>>> print(open('my_file.cif').read())   # mmCIF, C-alpha atoms
data_my_file
loop_
_atom_site.group_PDB
_atom_site.id
_atom_site.type_symbol
_atom_site.label_atom_id
_atom_site.label_comp_id
_atom_site.auth_asym_id
_atom_site.auth_seq_id
_atom_site.Cartn_x
_atom_site.Cartn_y
_atom_site.Cartn_z
ATOM 1 C CA MET A 1 21.232 9.269 9.080
ATOM 2 C CA THR A 2 24.125 11.722 8.904
ATOM 3 C CA ASP A 3 24.901 15.351 9.676
ATOM 4 C CA LEU A 4 25.594 17.605 6.705
ATOM 5 C CA PRO A 5 26.144 21.361 6.423
ATOM 6 C CA VAL A 6 23.085 23.472 5.680
ATOM 7 C CA PRO A 7 23.080 23.721 1.859
ATOM 8 C CA GLU A 8 23.871 27.055 0.191
ATOM 9 C CA PRO A 9 21.344 28.302 -2.380
ATOM 10 C CA GLU A 10 22.588 29.413 -5.773
ATOM 11 C CA ASP A 11 20.951 32.038 -8.004
ATOM 12 C CA GLY A 12 17.330 31.134 -8.586
ATOM 13 C CA GLU A 13 17.149 28.793 -5.595
ATOM 14 C CA VAL A 14 15.534 29.056 -2.186
ATOM 15 C CA LEU A 15 16.566 27.459 1.097
ATOM 16 C CA ILE A 16 13.633 25.859 2.928
ATOM 17 C CA LYS A 17 13.423 24.765 6.554
ATOM 18 C CA VAL A 18 11.533 21.522 6.043
ATOM 19 C CA ALA A 19 8.408 20.781 8.085
ATOM 20 C CA ARG A 20 7.505 17.620 6.170
ATOM 21 C CA ALA A 21 8.972 15.788 3.181
ATOM 22 C CA GLY A 22 6.835 13.782 0.794
ATOM 23 C CA VAL A 23 7.527 10.187 -0.206
ATOM 24 C CA ASN A 24 6.867 8.940 -3.734
ATOM 25 C CA PHE A 25 7.252 5.524 -5.328
ATOM 26 C CA ALA A 26 9.869 7.103 -7.580
ATOM 27 C CA ASP A 27 12.055 7.532 -4.483
ATOM 28 C CA THR A 28 12.397 3.752 -4.235
ATOM 29 C CA HIS A 29 13.602 3.618 -7.831
ATOM 30 C CA GLN A 30 15.978 6.510 -7.157
ATOM 31 C CA ARG A 31 17.418 4.679 -4.153
ATOM 32 C CA GLU A 32 18.231 1.699 -6.380
ATOM 33 C CA ASN A 33 19.446 3.964 -9.214
ATOM 34 C CA ALA A 34 16.738 2.424 -11.388
ATOM 35 C CA TYR A 35 14.904 5.718 -11.946
ATOM 36 C CA ILE A 36 14.379 7.436 -15.299
ATOM 37 C CA ALA A 37 17.053 10.002 -14.377
ATOM 38 C CA LYS A 38 20.306 8.386 -13.206
ATOM 39 C CA GLN A 39 21.735 9.343 -9.809
ATOM 40 C CA GLU A 40 25.219 9.759 -8.364
ATOM 41 C CA LEU A 41 26.526 9.460 -4.818
ATOM 42 C CA PRO A 42 26.493 11.198 -2.429
ATOM 43 C CA LEU A 43 22.708 11.499 -2.633
ATOM 44 C CA VAL A 44 20.065 12.913 -0.303
ATOM 45 C CA PRO A 45 16.773 11.616 -1.731
ATOM 46 C CA GLY A 46 13.404 13.332 -1.704
ATOM 47 C CA GLY A 47 11.627 15.261 -4.435
ATOM 48 C CA GLU A 48 9.161 17.417 -2.488
ATOM 49 C CA VAL A 49 8.950 19.355 0.752
ATOM 50 C CA VAL A 50 6.680 21.717 2.635
ATOM 51 C CA GLY A 51 8.134 24.273 5.011
ATOM 52 C CA VAL A 52 9.172 27.885 5.486
ATOM 53 C CA VAL A 53 11.579 29.896 3.324
ATOM 54 C CA GLU A 54 14.814 30.459 5.214
ATOM 55 C CA ARG A 55 16.612 32.313 2.417
ATOM 56 C CA GLY A 56 14.478 33.569 -0.414
ATOM 57 C CA ALA A 57 14.619 34.570 -4.043
ATOM 58 C CA GLY A 58 12.448 37.148 -5.793
ATOM 59 C CA GLU A 59 8.906 37.163 -4.417
ATOM 60 C CA LEU A 60 9.636 34.161 -2.188
ATOM 61 C CA THR A 61 10.671 36.102 0.879
ATOM 62 C CA GLU A 62 11.960 34.794 4.194
ATOM 63 C CA GLY A 63 9.179 33.357 6.352
ATOM 64 C CA THR A 64 6.859 32.453 3.461
ATOM 65 C CA ARG A 65 5.229 29.047 3.903
ATOM 66 C CA VAL A 66 5.742 27.066 0.708
ATOM 67 C CA VAL A 67 5.539 23.697 -0.970
ATOM 68 C CA ALA A 68 8.330 22.870 -3.400
ATOM 69 C CA MET A 69 9.725 20.347 -5.833
ATOM 70 C CA THR A 70 13.406 19.899 -5.090
ATOM 71 C CA GLY A 71 14.276 18.350 -8.422
ATOM 72 C CA GLY A 72 14.729 14.952 -6.805
ATOM 73 C CA ARG A 73 17.463 15.943 -4.392
ATOM 74 C CA GLY A 74 17.616 16.786 -0.741
ATOM 75 C CA GLY A 75 14.034 16.466 0.497
ATOM 76 C CA TYR A 76 14.730 13.971 3.269
ATOM 77 C CA ALA A 77 16.460 16.547 5.458
ATOM 78 C CA GLU A 78 15.918 19.403 7.898
ATOM 79 C CA TYR A 79 16.931 21.941 5.234
ATOM 80 C CA ALA A 80 16.494 21.611 1.477
ATOM 81 C CA LEU A 81 17.144 23.632 -1.649
ATOM 82 C CA ALA A 82 14.542 24.058 -4.382
ATOM 83 C CA PRO A 83 14.389 26.073 -7.598
ATOM 84 C CA ALA A 84 12.299 29.206 -7.155
ATOM 85 C CA ALA A 85 10.382 28.214 -10.308
ATOM 86 C CA THR A 86 9.072 25.065 -8.598
ATOM 87 C CA THR A 87 8.412 26.621 -5.189
ATOM 88 C CA PHE A 88 4.842 27.736 -4.538
ATOM 89 C CA PRO A 89 3.389 29.830 -1.690
ATOM 90 C CA LEU A 90 0.640 27.970 0.145
ATOM 91 C CA PRO A 91 -2.887 29.292 0.621
ATOM 92 C CA ASP A 92 -4.133 29.679 4.187
ATOM 93 C CA GLY A 93 -5.768 26.593 5.605
ATOM 94 C CA VAL A 94 -3.868 24.029 3.533
ATOM 95 C CA ASP A 95 -2.182 21.599 5.935
ATOM 96 C CA ASP A 96 1.210 19.977 5.302
ATOM 97 C CA GLY A 97 -0.180 16.616 4.213
ATOM 98 C CA THR A 98 -2.631 18.158 1.745
ATOM 99 C CA ALA A 99 0.068 20.457 0.364
ATOM 100 C CA LEU A 100 2.356 17.508 -0.365
ATOM 101 C CA ALA A 101 -0.379 15.213 -1.669
ATOM 102 C CA LEU A 102 -1.478 17.807 -4.214
ATOM 103 C CA LEU A 103 1.998 18.651 -5.463
ATOM 104 C CA ILE A 104 3.659 15.784 -7.350
ATOM 105 C CA GLN A 105 0.841 13.258 -7.026
ATOM 106 C CA GLY A 106 -1.988 15.733 -7.480
ATOM 107 C CA LEU A 107 -0.352 17.332 -10.493
ATOM 108 C CA THR A 108 0.305 13.873 -11.928
ATOM 109 C CA ALA A 109 -3.347 12.857 -11.556
ATOM 110 C CA TRP A 110 -4.481 16.154 -13.129
ATOM 111 C CA HIS A 111 -2.204 15.771 -16.155
ATOM 112 C CA LEU A 112 -2.988 12.066 -16.639
ATOM 113 C CA PHE A 113 -6.539 13.099 -17.509
ATOM 114 C CA ARG A 114 -6.098 16.522 -19.076
ATOM 115 C CA THR A 115 -2.777 16.239 -20.903
ATOM 116 C CA SER A 116 -2.113 12.573 -21.632
ATOM 117 C CA ALA A 117 -5.460 10.745 -21.825
ATOM 118 C CA GLN A 118 -7.309 13.873 -23.012
ATOM 119 C CA LEU A 119 -10.417 12.396 -21.410
ATOM 120 C CA ARG A 120 -13.631 12.832 -23.381
ATOM 121 C CA PRO A 121 -17.103 13.161 -21.802
ATOM 122 C CA GLY A 122 -18.643 9.879 -20.750
ATOM 123 C CA GLU A 123 -15.575 7.702 -21.281
ATOM 124 C CA SER A 124 -14.991 4.844 -18.875
ATOM 125 C CA VAL A 125 -11.866 5.039 -16.725
ATOM 126 C CA VAL A 126 -9.792 2.410 -14.929
ATOM 127 C CA VAL A 127 -7.566 3.603 -12.077
ATOM 128 C CA HIS A 128 -5.018 1.011 -10.988
ATOM 129 C CA SER A 129 -3.447 1.258 -7.502
ATOM 130 C CA ALA A 130 -6.510 3.291 -6.632
ATOM 131 C CA ALA A 131 -5.739 3.645 -2.919
ATOM 132 C CA GLY A 132 -2.303 5.139 -3.559
ATOM 133 C CA GLY A 133 -1.315 8.791 -3.643
ATOM 134 C CA VAL A 134 -1.998 9.369 -7.351
ATOM 135 C CA GLY A 135 -4.819 6.847 -7.623
ATOM 136 C CA SER A 136 -6.855 8.215 -4.712
ATOM 137 C CA LEU A 137 -6.766 11.683 -6.265
ATOM 138 C CA ALA A 138 -7.404 10.457 -9.817
ATOM 139 C CA LEU A 139 -10.554 8.691 -8.622
ATOM 140 C CA GLN A 140 -11.901 11.951 -7.240
ATOM 141 C CA LEU A 141 -11.021 13.937 -10.369
ATOM 142 C CA ALA A 142 -12.447 11.423 -12.859
ATOM 143 C CA LYS A 143 -16.137 12.389 -12.688
ATOM 144 C CA PRO A 144 -15.561 16.173 -12.394
ATOM 145 C CA PHE A 145 -13.326 15.887 -15.470
ATOM 146 C CA GLY A 146 -16.131 14.166 -17.416
ATOM 147 C CA ALA A 147 -15.617 10.427 -16.926
ATOM 148 C CA GLY A 148 -18.473 7.980 -17.145
ATOM 149 C CA ARG A 149 -18.143 4.664 -15.307
ATOM 150 C CA THR A 150 -15.035 4.558 -13.109
ATOM 151 C CA ILE A 151 -13.353 1.294 -12.099
ATOM 152 C CA ALA A 152 -10.709 1.000 -9.403
ATOM 153 C CA THR A 153 -8.249 -1.785 -8.707
ATOM 154 C CA ALA A 154 -6.480 -2.442 -5.414
ATOM 155 C CA SER A 155 -4.915 -5.347 -3.558
ATOM 156 C CA SER A 156 -6.984 -5.537 -0.359
ATOM 157 C CA GLU A 157 -10.593 -5.280 0.759
ATOM 158 C CA ASP A 158 -9.815 -2.175 2.818
ATOM 159 C CA LYS A 159 -8.210 -0.436 -0.155
ATOM 160 C CA ARG A 160 -11.101 -1.372 -2.431
ATOM 161 C CA ALA A 161 -13.567 -0.043 0.145
ATOM 162 C CA LEU A 162 -11.616 3.235 0.223
ATOM 163 C CA ALA A 163 -11.758 3.408 -3.593
ATOM 164 C CA LEU A 164 -15.545 3.049 -3.550
ATOM 165 C CA GLU A 165 -15.740 5.735 -0.879
ATOM 166 C CA LEU A 166 -13.680 8.061 -3.084
ATOM 167 C CA GLY A 167 -16.031 7.717 -6.037
ATOM 168 C CA ALA A 168 -15.320 4.486 -7.923
ATOM 169 C CA ASP A 169 -18.365 2.713 -9.390
ATOM 170 C CA ALA A 170 -16.644 -0.659 -9.023
ATOM 171 C CA ALA A 171 -13.503 -1.926 -7.328
ATOM 172 C CA ILE A 172 -11.701 -5.183 -8.160
ATOM 173 C CA ASP A 173 -8.568 -7.073 -7.160
ATOM 174 C CA TYR A 174 -5.967 -6.642 -9.903
ATOM 175 C CA ARG A 175 -4.392 -9.987 -8.937
ATOM 176 C CA VAL A 176 -7.244 -12.034 -10.449
ATOM 177 C CA ASP A 177 -6.144 -14.559 -13.067
ATOM 178 C CA ASP A 178 -7.972 -12.868 -15.949
ATOM 179 C CA LEU A 179 -7.709 -9.137 -15.285
ATOM 180 C CA ARG A 180 -8.946 -8.264 -18.770
ATOM 181 C CA ALA A 181 -12.208 -10.139 -18.214
ATOM 182 C CA ALA A 182 -12.634 -8.610 -14.757
ATOM 183 C CA LEU A 183 -12.226 -5.075 -16.130
ATOM 184 C CA VAL A 184 -14.719 -5.677 -18.937
ATOM 185 C CA GLU A 185 -17.222 -7.237 -16.516
ATOM 186 C CA ALA A 186 -16.843 -4.282 -14.125
ATOM 187 C CA ASN A 187 -17.591 -1.950 -17.050
ATOM 188 C CA ALA A 188 -21.002 -3.535 -17.702
ATOM 189 C CA ALA A 189 -19.571 -6.023 -20.240
ATOM 190 C CA ARG A 190 -17.989 -3.283 -22.354
ATOM 191 C CA GLU A 191 -14.313 -2.718 -23.099
ATOM 192 C CA VAL A 192 -12.824 0.307 -21.353
ATOM 193 C CA ASP A 193 -11.745 3.670 -22.753
ATOM 194 C CA VAL A 194 -8.972 5.006 -20.493
ATOM 195 C CA VAL A 195 -6.606 3.189 -18.119
ATOM 196 C CA LEU A 196 -4.212 4.935 -15.710
ATOM 197 C CA GLU A 197 -1.412 2.428 -15.122
ATOM 198 C CA MET A 198 1.748 2.442 -13.010
ATOM 199 C CA ALA A 199 2.573 -1.229 -12.391
ATOM 200 C CA GLY A 200 3.865 -2.633 -15.679
ATOM 201 C CA GLY A 201 4.069 -6.356 -16.397
ATOM 202 C CA ARG A 202 0.821 -8.318 -16.669
ATOM 203 C CA VAL A 203 -1.260 -5.392 -15.359
ATOM 204 C CA LEU A 204 -0.226 -3.301 -18.360
ATOM 205 C CA GLU A 205 -0.602 -6.207 -20.794
ATOM 206 C CA GLN A 206 -4.109 -7.105 -19.639
ATOM 207 C CA SER A 207 -5.165 -3.466 -19.438
ATOM 208 C CA LEU A 208 -4.194 -3.062 -23.090
ATOM 209 C CA ALA A 209 -6.209 -6.152 -23.927
ATOM 210 C CA ALA A 210 -9.261 -4.636 -22.210
ATOM 211 C CA LEU A 211 -9.192 -1.408 -24.256
ATOM 212 C CA ALA A 212 -12.016 -0.498 -26.617
ATOM 213 C CA PRO A 213 -11.174 0.905 -30.062
ATOM 214 C CA PHE A 214 -9.609 4.374 -29.633
ATOM 215 C CA GLY A 215 -8.926 3.587 -25.985
ATOM 216 C CA ARG A 216 -5.730 4.783 -24.275
ATOM 217 C CA VAL A 217 -3.482 3.458 -21.541
ATOM 218 C CA VAL A 218 -1.496 6.186 -19.792
ATOM 219 C CA VAL A 219 1.675 4.775 -18.213
ATOM 220 C CA TYR A 220 3.119 6.817 -15.348
ATOM 221 C CA GLY A 221 5.205 4.257 -13.458
ATOM 222 C CA ILE A 222 6.664 0.735 -13.431
ATOM 223 C CA SER A 223 6.293 -0.349 -9.811
ATOM 224 C CA THR A 224 6.814 -4.041 -10.604
ATOM 225 C CA ARG A 225 10.041 -3.243 -12.505
ATOM 226 C CA GLU A 226 8.638 -5.482 -15.285
ATOM 227 C CA GLN A 227 9.095 -3.905 -18.719
ATOM 228 C CA VAL A 228 6.548 -4.709 -21.442
ATOM 229 C CA GLN A 229 7.154 -4.960 -25.180
ATOM 230 C CA ILE A 230 4.206 -3.710 -27.265
ATOM 231 C CA SER A 231 3.879 -4.523 -30.953
ATOM 232 C CA SER A 232 2.802 -1.913 -33.466
ATOM 233 C CA GLY A 233 0.471 -4.497 -35.009
ATOM 234 C CA SER A 234 -1.505 -4.896 -31.784
ATOM 235 C CA LEU A 235 -2.011 -1.131 -31.616
ATOM 236 C CA LEU A 236 -3.153 -0.979 -35.236
ATOM 237 C CA ARG A 237 -5.556 -3.917 -34.960
ATOM 238 C CA GLY A 238 -7.283 -2.368 -31.960
ATOM 239 C CA SER A 239 -6.906 1.349 -32.726
ATOM 240 C CA LYS A 240 -5.348 1.574 -29.268
ATOM 241 C CA GLY A 241 -2.963 4.115 -27.812
ATOM 242 C CA VAL A 242 -0.236 3.999 -25.173
ATOM 243 C CA VAL A 243 0.930 7.307 -23.696
ATOM 244 C CA GLY A 244 3.739 7.831 -21.214
ATOM 245 C CA PHE A 245 3.744 10.602 -18.619
ATOM 246 C CA TRP A 246 6.576 11.908 -16.419
ATOM 247 C CA LEU A 247 5.872 15.062 -14.423
ATOM 248 C CA MET A 248 9.483 16.233 -14.692
ATOM 249 C CA HIS A 249 8.825 17.244 -18.309
ATOM 250 C CA CYS A 250 6.425 19.898 -16.982
ATOM 251 C CA LEU A 251 9.158 21.669 -15.018
ATOM 252 C CA GLU A 252 10.316 23.657 -18.048
ATOM 253 C CA ARG A 253 6.729 24.761 -18.693
ATOM 254 C CA PRO A 254 5.651 26.751 -15.612
ATOM 255 C CA GLN A 255 2.086 27.121 -16.899
ATOM 256 C CA MET A 256 1.751 23.320 -16.648
ATOM 257 C CA LEU A 257 2.418 23.562 -12.903
ATOM 258 C CA ARG A 258 0.936 26.780 -11.550
ATOM 259 C CA GLU A 259 -2.558 26.736 -13.073
ATOM 260 C CA PRO A 260 -3.270 23.035 -12.404
ATOM 261 C CA LEU A 261 -1.931 23.383 -8.852
ATOM 262 C CA ARG A 262 -4.192 26.377 -8.252
ATOM 263 C CA ASP A 263 -7.127 24.327 -9.550
ATOM 264 C CA LEU A 264 -6.270 21.454 -7.187
ATOM 265 C CA TYR A 265 -5.938 23.707 -4.132
ATOM 266 C CA ASP A 266 -9.216 25.453 -4.993
ATOM 267 C CA ARG A 267 -10.994 22.099 -5.250
ATOM 268 C CA ALA A 268 -9.537 21.022 -1.905
ATOM 269 C CA ALA A 269 -10.608 24.307 -0.282
ATOM 270 C CA ARG A 270 -14.170 23.770 -1.565
ATOM 271 C CA GLY A 271 -14.207 20.275 -0.073
ATOM 272 C CA GLU A 272 -14.339 18.610 -3.498
ATOM 273 C CA LEU A 273 -11.004 16.848 -3.169
ATOM 274 C CA ARG A 274 -10.027 14.759 -0.171
ATOM 275 C CA THR A 275 -6.378 13.980 0.369
ATOM 276 C CA VAL A 276 -5.567 10.673 2.023
ATOM 277 C CA VAL A 277 -2.475 10.918 4.232
ATOM 278 C CA GLY A 278 -1.426 7.348 4.862
ATOM 279 C CA GLY A 279 1.172 7.893 7.560
ATOM 280 C CA THR A 280 3.878 10.157 8.964
ATOM 281 C CA TYR A 281 7.267 8.547 9.588
ATOM 282 C CA PRO A 282 10.246 9.956 11.480
ATOM 283 C CA LEU A 283 13.316 10.636 9.362
ATOM 284 C CA SER A 284 15.151 8.069 11.469
ATOM 285 C CA ASP A 285 12.739 5.417 10.145
ATOM 286 C CA VAL A 286 12.942 6.198 6.447
ATOM 287 C CA ARG A 287 13.995 2.640 5.625
ATOM 288 C CA ARG A 288 10.660 1.362 6.942
ATOM 289 C CA VAL A 289 8.598 3.792 4.866
ATOM 290 C CA HIS A 290 10.298 2.516 1.694
ATOM 291 C CA GLU A 291 9.775 -1.106 2.765
ATOM 292 C CA ASP A 292 6.104 -0.466 3.548
ATOM 293 C CA LEU A 293 5.572 1.335 0.253
ATOM 294 C CA VAL A 294 7.164 -1.393 -1.872
ATOM 295 C CA ALA A 295 5.261 -4.088 0.038
ATOM 296 C CA ARG A 296 1.979 -2.232 -0.641
ATOM 297 C CA ARG A 297 1.176 -1.959 3.051
ATOM 298 C CA THR A 298 0.239 1.728 2.720
ATOM 299 C CA SER A 299 -2.540 3.914 1.335
ATOM 300 C CA GLY A 300 -2.547 7.566 0.288
ATOM 301 C CA LYS A 301 0.244 10.084 0.786
ATOM 302 C CA LEU A 302 3.228 9.173 2.961
ATOM 303 C CA VAL A 303 5.264 11.900 4.658
ATOM 304 C CA ILE A 304 8.477 12.165 6.652
ATOM 305 C CA ASP A 305 8.988 14.334 9.727
ATOM 306 C CA PRO A 306 12.640 15.506 9.639
ATOM 307 C CA SER A 307 12.557 16.651 13.273
ATOM 308 C CA SER A 308 12.444 13.088 14.586
#
>>> encode(input="my_file.cif", output="structure tokens")
Amino acid sequence: MTDLPVPEPEDGEVLIKVARAGVNFADTHQRENAYIAKQELPLVPGGEVVGVVERGAGELTEGTRVVAMTGGRGGYAEYALAPAATTFPLPDGVDDGTALALLIQGLTAWHLFRTSAQLRPGESVVVHSAAGGVGSLALQLAKPFGAGRTIATASSEDKRALALELGADAAIDYRVDDLRAALVEANAAREVDVVLEMAGGRVLEQSLAALAPFGRVVVYGISTREQVQISSGSLLRGSKGVVGFWLMHCLERPQMLREPLRDLYDRAARGELRTVVGGTYPLSDVRRVHEDLVARRTSGKLVIDPSS
């Protein structure tokens, strides 16, 4: 913890008094400088905040309650800067936890299906880390987006029970010796069509092995830090696809943010989408939130309260 001056917004930026900051697994990579985008010191981490505009830009006037992507800098603080293009006014009735859960993680879940997997009606879906921020939302979007049988994986009985509650048809422990066989068995003895994967290592390898012809694995993280080499021959022999997704590539395409986010908030307002807020940590205890996240002791969206 340290005291810094309140940051000064440049053209096209807004200054936000932060009510809550969101925590993402990517923050742990950023802290280690093992993230996709390299970092430099000094660094204030944190890619998303909810709060009130202190100094505005354009239609984002002072006093407007907003949720914003900071561009991966400055969220873990009492005041943060964000580009106006990635700052969104909040509808009435959307609480801080829901606002944060539906920003980076909600948008990621939406695009995993719509943009990357291009889910077709009736296809089976596997959601790994199904009790996490992205996974818990992806489970709830799968059937409305046209999925058939939906299979969740998680590391504990409590997390698997949550996955079933959120709409999974089956929930298994991804740590089983033969994950491929477990996925096929959970899909009524059929290979699977779409896998949403953010672990890497053996989870990715065995998910690929479980794919049916024309199936796709969408990779949106590497939580184990274990890179996987995939041969072109294995893709050809199985007519399989591997697609990567990183939400930051949507930032230059505003239509890929605003319309999906509006869809997510509308679904939440109608009671069709439940956000799981897994805990609120004081800013003074940010080390523990990272430790808990990496150790998989958490479920749902984690948030930081900068006032404590």
>>> closest_residue(input="my_file.cif", among="A:Lys17, A:Arg237, A:Arg73, A:Arg262", to="Leu90 (chain A)", atoms="only C-alpha atoms")
A:Arg262
>>> atom_distance(input="my_file.cif", atom1="CA of Tyr174 (chain A)", atom2="CA of His128 (chain A)")
7.8 Å
>>> closest_residue(input="my_file.cif", among="A:Ala84, A:Ala170, A:Val219, A:Val176", to="Ala188 (chain A)", atoms="all atoms listed in the file")
A:Ala170
>>> closest_residue(input="my_file.cif", among="A:Ala168, A:Lys38, A:Arg216, A:Pro254", to="Phe88 (chain A)", atoms="all atoms listed in the file")
A:Pro254
>>> resolve_selection(input="my_file.cif", expression="the PyMOL selection byres ((chain A and resi 127) around 7)", output="PyMOL selection string")
chain A and resi 125-126+128-130+135+139+151-153+195-197
>>> closest_residue(input="my_file.cif", among="A:Glu252, A:Gln39, A:Gln118, A:Phe25", to="Ala295 (chain A)", atoms="all atoms listed in the file")
A:Phe25
